[in-house]
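final36.cif (mmCIF, C-alpha atoms and all ligand atoms) appears below.
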```
data_protein
loop_
_atom_site.label_atom_id
_atom_site.label_comp_id
_atom_site.auth_asym_id
_atom_site.auth_seq_id
_atom_site.Cartn_x
_atom_site.Cartn_y
_atom_site.Cartn_z
CA MET A 1 8.72 4.20 -33.70
CA THR A 2 5.97 1.78 -32.67
CA TYR A 3 6.98 -0.39 -29.74
CA LYS A 4 6.00 -4.02 -29.18
CA VAL A 5 5.97 -3.14 -25.50
CA PRO A 6 5.00 0.51 -24.98
CA PHE A 7 5.98 2.28 -21.78
CA VAL A 8 2.38 3.44 -21.38
CA ASP A 9 -0.61 3.16 -23.71
CA PRO A 10 -3.04 6.09 -23.39
CA ARG A 11 -5.17 4.97 -26.35
CA LYS A 12 -5.75 1.52 -24.85
CA HIS A 13 -6.42 3.15 -21.49
CA TYR A 14 -9.21 5.25 -23.01
CA GLN A 15 -10.67 2.33 -24.97
CA ASN A 16 -10.89 0.24 -21.79
CA LEU A 17 -12.80 2.99 -19.96
CA LYS A 18 -14.60 4.57 -22.90
CA LEU A 19 -18.19 4.16 -21.71
CA GLU A 20 -17.50 5.55 -18.25
CA ILE A 21 -15.31 8.40 -19.45
CA ASP A 22 -17.62 9.47 -22.26
CA GLY A 23 -20.54 9.39 -19.83
CA ALA A 24 -18.74 11.57 -17.28
CA ILE A 25 -17.65 14.12 -19.87
CA GLN A 26 -21.03 14.26 -21.58
CA ASP A 27 -22.75 14.75 -18.25
CA CYS A 28 -20.65 17.91 -17.70
CA LEU A 29 -21.14 19.17 -21.24
CA PHE A 30 -24.90 18.57 -21.40
CA LYS A 31 -25.37 20.33 -18.08
CA GLY A 32 -22.94 23.13 -18.95
CA ASP A 33 -20.93 22.28 -15.81
CA LEU A 34 -17.50 23.61 -16.70
CA ILE A 35 -16.00 25.50 -13.76
CA PHE A 36 -16.23 24.69 -10.03
CA ARG A 37 -19.41 22.63 -10.10
CA GLN A 38 -20.71 19.60 -8.26
CA GLN A 39 -18.41 17.17 -10.11
CA LEU A 40 -15.35 18.92 -8.65
CA LYS A 41 -16.84 18.96 -5.16
CA ASP A 42 -17.69 15.25 -5.42
CA PHE A 43 -14.21 14.35 -6.58
CA GLU A 44 -12.63 16.40 -3.79
CA ALA A 45 -14.78 14.67 -1.17
CA ASN A 46 -14.04 11.21 -2.58
CA PHE A 47 -10.32 11.87 -2.97
CA ALA A 48 -10.01 13.23 0.59
CA SER A 49 -11.75 10.14 1.90
CA PHE A 50 -9.50 7.85 -0.18
CA ILE A 51 -6.33 9.48 1.18
CA GLY A 52 -7.75 9.60 4.70
CA VAL A 53 -7.83 13.37 5.33
CA ARG A 54 -10.56 15.98 5.87
CA TYR A 55 -9.97 18.13 2.80
CA ALA A 56 -8.82 17.80 -0.80
CA VAL A 57 -8.50 20.91 -2.96
CA GLY A 58 -8.46 20.33 -6.73
CA LEU A 59 -5.84 22.32 -8.65
CA ASN A 60 -4.60 22.44 -12.21
CA SER A 61 -1.27 20.76 -11.47
CA GLY A 62 0.95 19.08 -8.91
CA TYR A 63 3.24 22.07 -9.21
CA HIS A 64 0.50 24.38 -7.92
CA ALA A 65 -0.20 21.98 -5.05
CA LEU A 66 3.44 22.39 -4.00
CA GLU A 67 3.58 26.16 -4.41
CA PHE A 68 0.27 26.81 -2.64
CA SER A 69 1.25 24.41 0.15
CA LEU A 70 4.47 26.29 0.77
CA ARG A 71 2.60 29.60 0.82
CA ALA A 72 -0.04 28.18 3.17
CA ALA A 73 2.75 26.82 5.39
CA GLY A 74 4.03 30.38 5.75
CA ILE A 75 7.32 29.79 3.92
CA ARG A 76 8.84 33.19 3.16
CA PRO A 77 11.69 34.67 1.14
CA GLY A 78 14.95 33.97 2.94
CA ASP A 79 13.73 30.67 4.47
CA GLU A 80 15.42 27.38 3.68
CA VAL A 81 13.36 24.39 2.58
CA ILE A 82 15.02 20.97 2.53
CA THR A 83 14.23 18.50 -0.23
CA VAL A 84 15.94 15.96 -2.49
CA ALA A 85 17.62 16.53 -5.85
CA HIS A 86 16.33 13.19 -7.16
CA THR A 87 12.84 14.44 -7.99
CA PHE A 88 10.94 16.15 -10.77
CA VAL A 89 12.10 19.76 -11.05
CA ALA A 90 8.67 21.09 -9.95
CA THR A 91 9.44 20.18 -6.33
CA VAL A 92 12.44 22.47 -6.29
CA SER A 93 10.94 25.17 -8.52
CA ALA A 94 8.04 25.62 -6.09
CA ILE A 95 10.55 26.43 -3.34
CA VAL A 96 12.44 28.88 -5.54
CA ASN A 97 9.23 30.51 -6.79
CA VAL A 98 8.05 31.38 -3.25
CA GLY A 99 11.41 33.09 -2.71
CA ALA A 100 12.90 30.45 -0.40
CA THR A 101 16.21 28.61 -0.82
CA PRO A 102 16.13 24.90 -1.68
CA VAL A 103 18.62 22.81 0.29
CA LEU A 104 19.16 19.54 -1.57
CA VAL A 105 19.93 16.38 0.39
CA GLU A 106 20.76 12.76 -0.36
CA VAL A 107 18.39 9.91 -1.05
CA SER A 108 18.66 6.33 0.24
CA ASP A 109 18.82 3.31 -2.04
CA ASP A 110 15.01 3.24 -2.24
CA PHE A 111 15.24 6.64 -4.04
CA ASN A 112 13.55 8.48 -1.14
CA MET A 113 14.85 11.13 1.26
CA ASP A 114 17.43 9.87 3.75
CA PRO A 115 16.05 11.06 7.15
CA ASP A 116 19.59 11.41 8.56
CA ALA A 117 20.57 13.66 5.65
CA PHE A 118 17.46 15.76 6.30
CA GLU A 119 18.35 16.18 9.98
CA ALA A 120 21.98 17.01 9.19
CA ALA A 121 20.92 19.80 6.80
CA ILE A 122 18.73 21.71 9.28
CA THR A 123 19.87 25.26 10.09
CA SER A 124 18.29 28.16 11.98
CA ARG A 125 16.73 29.26 8.67
CA THR A 126 15.02 25.93 7.90
CA THR A 127 11.24 26.34 8.00
CA GLY A 128 10.07 23.59 5.67
CA VAL A 129 10.83 20.14 4.28
CA ILE A 130 9.44 18.43 1.18
CA PRO A 131 9.91 14.66 1.37
CA VAL A 132 9.19 13.19 -2.07
CA SER A 133 7.59 9.74 -2.05
CA LEU A 134 8.99 8.61 -5.38
CA ASN A 135 7.90 5.81 -7.71
CA GLY A 136 4.94 4.80 -5.54
CA ARG A 137 6.82 4.25 -2.27
CA VAL A 138 6.27 6.40 0.80
CA CYS A 139 9.27 7.99 2.53
CA LYS A 140 10.19 6.95 6.08
CA MET A 141 7.56 9.40 7.30
CA ASP A 142 7.72 8.39 10.98
CA ARG A 143 11.32 9.59 11.23
CA ILE A 144 10.81 12.61 8.98
CA MET A 145 7.75 13.79 10.97
CA ASP A 146 9.58 13.24 14.25
CA ILE A 147 12.62 15.27 13.16
CA ALA A 148 10.42 18.02 11.67
CA ASP A 149 8.26 18.24 14.81
CA ARG A 150 11.30 18.50 17.08
CA HIS A 151 12.61 21.45 15.02
CA GLY A 152 9.27 23.17 14.31
CA ILE A 153 9.60 22.52 10.56
CA LYS A 154 6.51 22.37 8.32
CA VAL A 155 6.16 19.19 6.26
CA VAL A 156 4.80 19.44 2.72
CA GLU A 157 4.63 15.95 1.21
CA ASP A 158 5.31 15.60 -2.48
CA SER A 159 3.06 12.60 -3.05
CA ALA A 160 2.69 13.21 -6.80
CA GLN A 161 3.95 9.67 -7.49
CA ALA A 162 2.36 7.92 -4.53
CA VAL A 163 -1.44 7.81 -4.86
CA GLY A 164 -2.60 4.99 -2.58
CA ALA A 165 0.87 4.07 -1.29
CA GLU A 166 1.06 3.47 2.46
CA TYR A 167 3.56 3.57 5.28
CA GLN A 168 2.61 2.08 8.64
CA GLY A 169 -1.00 1.91 7.48
CA VAL A 170 -1.24 5.64 6.55
CA ARG A 171 -1.54 6.80 2.95
CA ALA A 172 0.89 9.22 1.31
CA GLY A 173 -0.51 12.72 1.61
CA ALA A 174 -1.96 12.16 5.10
CA PHE A 175 1.22 12.66 7.16
CA GLY A 176 2.32 16.25 6.66
CA LEU A 177 0.64 19.63 6.79
CA THR A 178 -0.30 18.90 3.18
CA GLY A 179 0.05 16.19 0.56
CA CYS A 180 0.63 17.31 -3.03
CA PHE A 181 -0.73 15.18 -5.86
CA SER A 182 -0.38 15.30 -9.62
CA PHE A 183 -3.00 13.96 -12.01
CA TYR A 184 -0.72 14.27 -15.04
CA PRO A 185 -2.06 11.72 -17.58
CA PHE A 186 0.57 9.03 -16.90
CA LYS A 187 0.22 9.05 -13.13
CA LEU A 188 -1.48 6.09 -11.48
CA LEU A 189 -4.55 8.33 -11.21
CA GLY A 190 -4.26 10.61 -14.25
CA GLY A 191 -6.64 12.92 -16.10
CA PHE A 192 -6.78 13.69 -19.79
CA GLY A 193 -4.61 16.75 -19.26
CA ASP A 194 -2.93 18.39 -16.30
CA GLY A 195 -4.38 18.37 -12.80
CA GLY A 196 -3.40 18.16 -9.16
CA ALA A 197 -4.64 18.42 -5.59
CA ILE A 198 -3.66 19.38 -2.07
CA THR A 199 -4.78 17.09 0.74
CA THR A 200 -4.83 18.36 4.32
CA ASN A 201 -6.53 18.10 7.71
CA ASP A 202 -6.03 21.81 8.38
CA PRO A 203 -9.11 23.95 7.58
CA ASP A 204 -7.06 27.17 7.29
CA VAL A 205 -4.69 25.59 4.79
CA ALA A 206 -7.61 24.21 2.76
CA ARG A 207 -9.31 27.64 2.78
CA MET A 208 -6.17 29.41 1.64
CA ALA A 209 -5.60 26.92 -1.20
CA ILE A 210 -9.26 27.29 -2.27
CA ARG A 211 -8.75 31.04 -2.52
CA LEU A 212 -5.31 30.94 -4.11
CA ARG A 213 -6.58 28.79 -6.97
CA TYR A 214 -9.23 31.41 -7.74
CA ASN A 215 -6.93 34.44 -7.94
CA GLY A 216 -7.19 34.92 -4.20
CA GLU A 217 -10.96 35.38 -4.16
CA ASP A 218 -13.39 34.09 -1.57
CA ARG A 219 -16.19 33.05 -3.94
CA GLU A 220 -18.89 33.57 -1.33
CA THR A 221 -18.01 37.12 -0.29
CA GLY A 222 -16.19 38.32 -3.41
CA GLU A 223 -13.31 39.50 -1.20
CA PHE A 224 -9.79 39.07 -2.62
CA HIS A 225 -7.57 37.83 0.23
CA HIS A 226 -4.34 37.11 -1.66
CA HIS A 227 -2.61 37.63 -4.97
CA GLY A 228 -3.42 34.17 -6.22
CA GLN A 229 -3.43 32.45 -9.59
CA THR A 230 -5.85 30.84 -12.02
CA ALA A 231 -5.24 27.29 -10.92
CA LEU A 232 -8.51 25.43 -10.47
CA LEU A 233 -8.91 21.78 -11.44
CA ASP A 234 -11.23 21.80 -14.50
CA ASN A 235 -14.66 20.44 -13.79
CA VAL A 236 -14.49 18.01 -16.72
CA GLN A 237 -11.14 16.65 -15.51
CA ALA A 238 -12.59 16.27 -12.01
CA ALA A 239 -15.54 14.30 -13.38
CA VAL A 240 -13.13 11.98 -15.23
CA LEU A 241 -10.86 11.60 -12.19
CA ASP A 242 -13.84 10.79 -9.98
CA ARG A 243 -14.74 7.88 -12.25
CA LYS A 244 -11.15 6.71 -12.45
CA LEU A 245 -10.70 6.89 -8.66
CA ARG A 246 -13.02 3.88 -8.36
CA HIS A 247 -10.51 1.81 -10.34
CA VAL A 248 -7.46 2.83 -8.33
CA PRO A 249 -7.49 -0.14 -5.87
CA ASP A 250 -7.60 -2.58 -8.83
CA TRP A 251 -4.90 -0.65 -10.69
CA ILE A 252 -2.68 -0.78 -7.60
CA GLN A 253 -3.12 -4.55 -7.36
CA HIS A 254 -2.32 -4.87 -11.05
CA ARG A 255 0.88 -2.84 -10.69
CA ARG A 256 1.95 -4.87 -7.66
CA LYS A 257 1.41 -8.06 -9.65
CA ILE A 258 3.45 -6.73 -12.58
CA ALA A 259 6.20 -5.67 -10.16
CA LEU A 260 6.27 -9.14 -8.64
CA LEU A 261 6.67 -10.70 -12.08
CA TYR A 262 9.59 -8.36 -12.78
CA TYR A 263 11.16 -9.47 -9.49
CA GLU A 264 10.75 -13.13 -10.23
CA GLY A 265 12.20 -12.73 -13.70
CA LEU A 266 15.07 -10.37 -12.93
CA HIS A 267 16.36 -11.20 -9.47
CA GLY A 268 20.03 -12.12 -9.20
CA LEU A 269 21.04 -10.81 -12.64
CA PRO A 270 24.60 -9.45 -12.68
CA GLY A 271 24.87 -5.65 -12.94
CA ILE A 272 21.21 -5.06 -12.11
CA THR A 273 19.76 -3.87 -8.81
CA LEU A 274 16.02 -4.14 -8.28
CA PRO A 275 14.00 -1.62 -6.26
CA PRO A 276 12.57 -2.66 -2.90
CA TYR A 277 9.17 -4.36 -2.73
CA ASP A 278 7.30 -3.36 0.45
CA GLY A 279 9.45 -4.16 3.51
CA PRO A 280 8.66 -3.18 7.13
CA GLY A 281 5.72 -0.75 7.19
CA HIS A 282 5.66 -0.21 3.42
CA PHE A 283 2.86 -0.85 0.95
CA ASP A 284 4.25 0.14 -2.47
CA VAL A 285 2.06 0.94 -5.48
CA PHE A 286 4.70 1.05 -8.24
CA GLN A 287 3.88 4.27 -10.01
CA ASN A 288 7.15 3.33 -11.69
CA PHE A 289 9.27 0.17 -11.69
CA VAL A 290 12.79 1.54 -11.61
CA LEU A 291 15.94 -0.52 -11.60
CA CYS A 292 19.59 0.45 -11.46
CA ALA A 293 21.73 -0.94 -14.27
CA GLN A 294 25.51 -0.57 -14.40
CA HIS A 295 25.31 -0.38 -18.20
CA ARG A 296 22.14 1.66 -18.45
CA ILE A 297 22.80 3.25 -21.86
CA GLU A 298 23.56 -0.09 -23.52
CA LEU A 299 20.65 -1.83 -21.80
CA ARG A 300 18.23 0.86 -22.93
CA GLU A 301 19.48 0.56 -26.51
CA HIS A 302 19.19 -3.24 -26.34
CA LEU A 303 15.59 -3.00 -25.11
CA ARG A 304 14.76 -0.43 -27.78
CA ASN A 305 16.11 -2.74 -30.48
CA ASP A 306 13.82 -5.44 -29.08
CA GLY A 307 10.84 -3.04 -29.37
CA ILE A 308 10.59 -2.29 -25.66
CA GLU A 309 10.10 1.31 -24.58
CA THR A 310 11.70 2.57 -21.36
CA LEU A 311 12.12 5.90 -19.60
CA VAL A 312 14.99 7.47 -17.70
CA SER A 313 14.04 9.81 -14.86
CA TRP A 314 16.40 11.64 -14.61
CA PRO A 315 19.67 11.22 -16.52
CA LYS A 316 21.34 14.43 -15.36
CA PRO A 317 21.54 15.60 -11.72
CA MET A 318 19.23 18.59 -11.32
CA TRP A 319 22.00 20.95 -10.20
CA GLU A 320 23.88 20.36 -13.47
CA HIS A 321 21.16 22.29 -15.33
CA ALA A 322 22.93 25.64 -15.13
CA GLY A 323 19.74 27.67 -15.65
CA LEU A 324 18.31 26.36 -12.39
CA ASN A 325 21.11 27.99 -10.42
CA LEU A 326 21.24 25.36 -7.69
CA GLY A 327 24.95 25.46 -6.86
CA ARG A 328 26.96 22.22 -6.65
CA PRO A 329 25.77 20.02 -3.80
CA TYR A 330 27.83 16.89 -3.06
CA LEU A 331 25.32 14.04 -3.46
CA PRO A 332 27.19 10.97 -4.73
CA ASN A 333 24.29 8.54 -4.34
CA THR A 334 22.03 10.85 -6.34
CA GLU A 335 24.71 11.13 -9.04
CA ARG A 336 25.06 7.35 -9.23
CA ILE A 337 21.30 6.92 -9.42
CA CYS A 338 21.10 9.41 -12.31
CA ARG A 339 23.73 7.33 -14.15
CA GLU A 340 21.99 4.00 -13.52
CA VAL A 341 18.19 4.35 -13.36
CA ILE A 342 15.88 2.97 -16.00
CA SER A 343 12.09 2.64 -15.71
CA LEU A 344 10.45 -0.44 -17.23
CA PRO A 345 6.97 -0.50 -18.80
CA MET A 346 4.37 -0.17 -16.03
CA SER A 347 0.75 0.92 -16.34
CA ALA A 348 -2.79 -0.40 -16.02
CA GLU A 349 -2.39 -1.61 -19.62
CA THR A 350 0.91 -3.47 -19.12
CA THR A 351 0.24 -7.17 -19.66
CA GLU A 352 1.99 -10.33 -18.46
CA GLN A 353 3.09 -10.84 -22.05
CA HIS A 354 4.73 -7.39 -22.07
CA VAL A 355 6.53 -8.28 -18.85
CA GLY A 356 7.67 -11.63 -20.27
CA LEU A 357 9.18 -9.98 -23.35
CA THR A 358 10.91 -7.33 -21.21
CA ILE A 359 12.36 -9.89 -18.82
CA GLN A 360 13.60 -12.05 -21.66
CA SER A 361 15.33 -9.12 -23.31
CA ILE A 362 17.01 -7.98 -20.08
CA ARG A 363 18.19 -11.49 -19.24
CA GLN A 364 19.65 -11.86 -22.70
CA PHE A 365 21.47 -8.54 -22.29
CA ALA A 366 22.82 -9.38 -18.84
CA TYR A 367 24.11 -12.80 -19.83
CA LYS A 368 25.65 -11.62 -23.08
CA LEU A 369 27.40 -8.80 -21.28
CA HIS A 370 28.90 -11.16 -18.78
CA GLY A 371 30.10 -13.53 -21.44
CA LEU A 372 28.02 -16.45 -20.32
CA GLU A 373 27.32 -19.15 -22.83
CA ASN A 374 23.90 -20.34 -23.77
CA ALA A 375 22.47 -16.87 -23.34
CA THR A 376 19.23 -17.63 -25.18
CA ALA A 377 18.39 -20.62 -23.02
CA LEU A 378 19.14 -18.66 -19.90
CA ALA A 379 17.18 -15.69 -21.21
CA ALA A 380 14.16 -17.88 -21.55
CA GLY A 381 14.56 -18.91 -17.93
CA VAL A 382 15.60 -22.48 -18.82
CA GLY A 383 17.63 -24.11 -16.09
CA ASP A 384 16.49 -21.78 -13.28
C1 LIG B 401 7.63 13.91 -7.87
C2 LIG B 401 6.82 14.92 -8.62
N1 LIG B 401 6.60 16.12 -8.07
C3 LIG B 401 5.87 17.06 -8.69
C4 LIG B 401 5.32 16.84 -9.93
C5 LIG B 401 4.60 17.95 -10.61
O1 LIG B 401 3.30 17.61 -11.00
P1 LIG B 401 2.63 18.31 -12.29
O2 LIG B 401 3.33 17.81 -13.50
O3 LIG B 401 1.20 17.89 -12.20
O4 LIG B 401 2.80 19.78 -12.11
C6 LIG B 401 5.50 15.58 -10.54
C7 LIG B 401 4.94 15.29 -11.87
O5 LIG B 401 5.53 14.67 -12.70
C8 LIG B 401 6.29 14.61 -9.88
O6 LIG B 401 6.51 13.41 -10.43
#
```

Once you've parsed the file, please lay out its structure as structure tokens.
Amino acid sequence: MTYKVPFVDPRKHYQNLKLEIDGAIQDCLFKGDLIFRQQLKDFEANFASFIGVRYAVGLNSGYHALEFSLRAAGIRPGDEVITVAHTFVATVSAIVNVGATPVLVEVSDDFNMDPDAFEAAITSRTTGVIPVSLNGRVCKMDRIMDIADRHGIKVVEDSAQAVGAEYQGVRAGAFGLTGCFSFYPFKLLGGFGDGGAITTNDPDVARMAIRLRYNGEDRETGEFHHHGQTALLDNVQAAVLDRKLRHVPDWIQHRRKIALLYYEGLHGLPGITLPPYDGPGHFDVFQNFVLCAQHRIELREHLRNDGIETLVSWPKPMWEHAGLNLGRPYLPNTERICREVISLPMSAETTEQHVGLTIQSIRQFAYKLHGLENATALAAGVGD
């Protein structure tokens, strides 16, 4: 189905950047720069400086950033690592795959880890925590760092959805031992394939990640220090990401503008709860614009019929996927969120016209559902 308002538009994205992207790729290809060349080093330096840390290590996915971070943090089989269930499965799989036990805790209404729930879940076996800064909003990192420091717990930030987001003037990925980023194509900073990075101020952690991504090898000495993996960020992807990084401040402003329009158009509608916009200490970048709708299934269908594409992340609590073997934690807020969340179109290519159509459709739905008369006039914003 072709949507009038697509959720994202990768073809338009490429067309808008074609000259720059083609130039970056051709530069690599003409020079034969394919693996671990200057383009990767340049991107790592520029990305580290953007986040505000000493090192960035380019990897082939956000998942690998998480797994290598946990290994570099010294997390071992038998340890407990606290994180949230309302996240992409990779966060939890990284914990399981290093042999540790994930302990899943509740999120607050901003979809991010509740610091009190984190503190309450700490046991003598807790050695790590992964706060996930979801949808482009940083967790309450002052409280999380304070609790972790008091208990000697290593903090690995999952900042896959928070490139450029800030809390108290610090960017996501610059608080913990590491920040873990994903450059999956539909992220705010996305490649043309998979990619990721670890950010850190710790030279030992950076060195270990650099070796782990190259099957454990120190490329200068040829010594294998670990059983690692093949997990390097491709040079061509790095060249593309380096070009795109220059656009990130503008893309953030664009997303914040789109988010503001959604707020103006949707505030006060019955049955719909909007996500927070900034608030004390926060600078949100809206990787996603996620609202909670009491009648999510019907709303999604209504939007689809109007040609508007949406996404639901995630409709089923993670622990209900039996194959993941995560037990049955009691997380009522997470369960409610899974029932209610719906992500509206949001990307560098989302236009004011797209937002207008989406708002109109949601208003029509909300007013019809609540039996109000004159739904069309109200949907158009008449009489506000
Ligand atoms: C919150 C979160 N964590 C981790 C990841 C994993 O990143 P990747 O898909 O690059 O492995 C993602 C990607 O979607 C994510 O959104």

Neighbourhood of ligand LIG 401 (chain B) at 10 Å, counting only C-alpha atoms and all ligand atoms, reported as a PyMOL selection string: chain A and resi 59-66+86-94+130-136+157-162+180-187+190+193-197+287+313

CA of Thr310 (chain A) to CA of Pro6 (chain A), distance in Å rounded to a single decimal: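 Taking CA of Thr310 (chain A) and CA of Pro6 (chain A), their separation equals 7.9 Å.
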
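The two atoms in question, CA of Gly327 (chain A) and CA of Val341 (chain A), are spaced 23.1 Å apart.
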
Nearest to Leu212 (chain A), chosen from A:Ser343, A:Thr200, A:Gln229, A:Ser108, with only C-alpha atoms counted in the distances: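 Checking each of A:Ser343, A:Thr200, A:Gln229, A:Ser108 against Leu212 (chain A), counting only C-alpha atoms, the winner is A:Gln229.
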
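Neighbours of Arg339 (chain A) closer than or equal to 10 Å, with only C-alpha atoms counted and sequence neighbours fewer than 6 positions away skipped, come out as Cys292, Ala293, Gln294, His295, Arg296, Ile297, Val312, Trp314, Pro315, Lys316, Pro317 and Asn333 of chain A.
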
Selection: 10 Å around Ile147 (chain A), only C-alpha atoms, excl. self and same-chain fewer than 5 positions, as a list in words: Pro115, Asp116, Phe118, Glu119, Ile122, Met141, Asp142, Gly152 and Ile153 of chain A

Point-to-point distance in Å for CA of Leu303 (chain A) and CA of Ile362 (chain A):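 Computed distance, CA of Ile362 (chain A) to CA of Leu303 (chain A), equals 7.2 Å.
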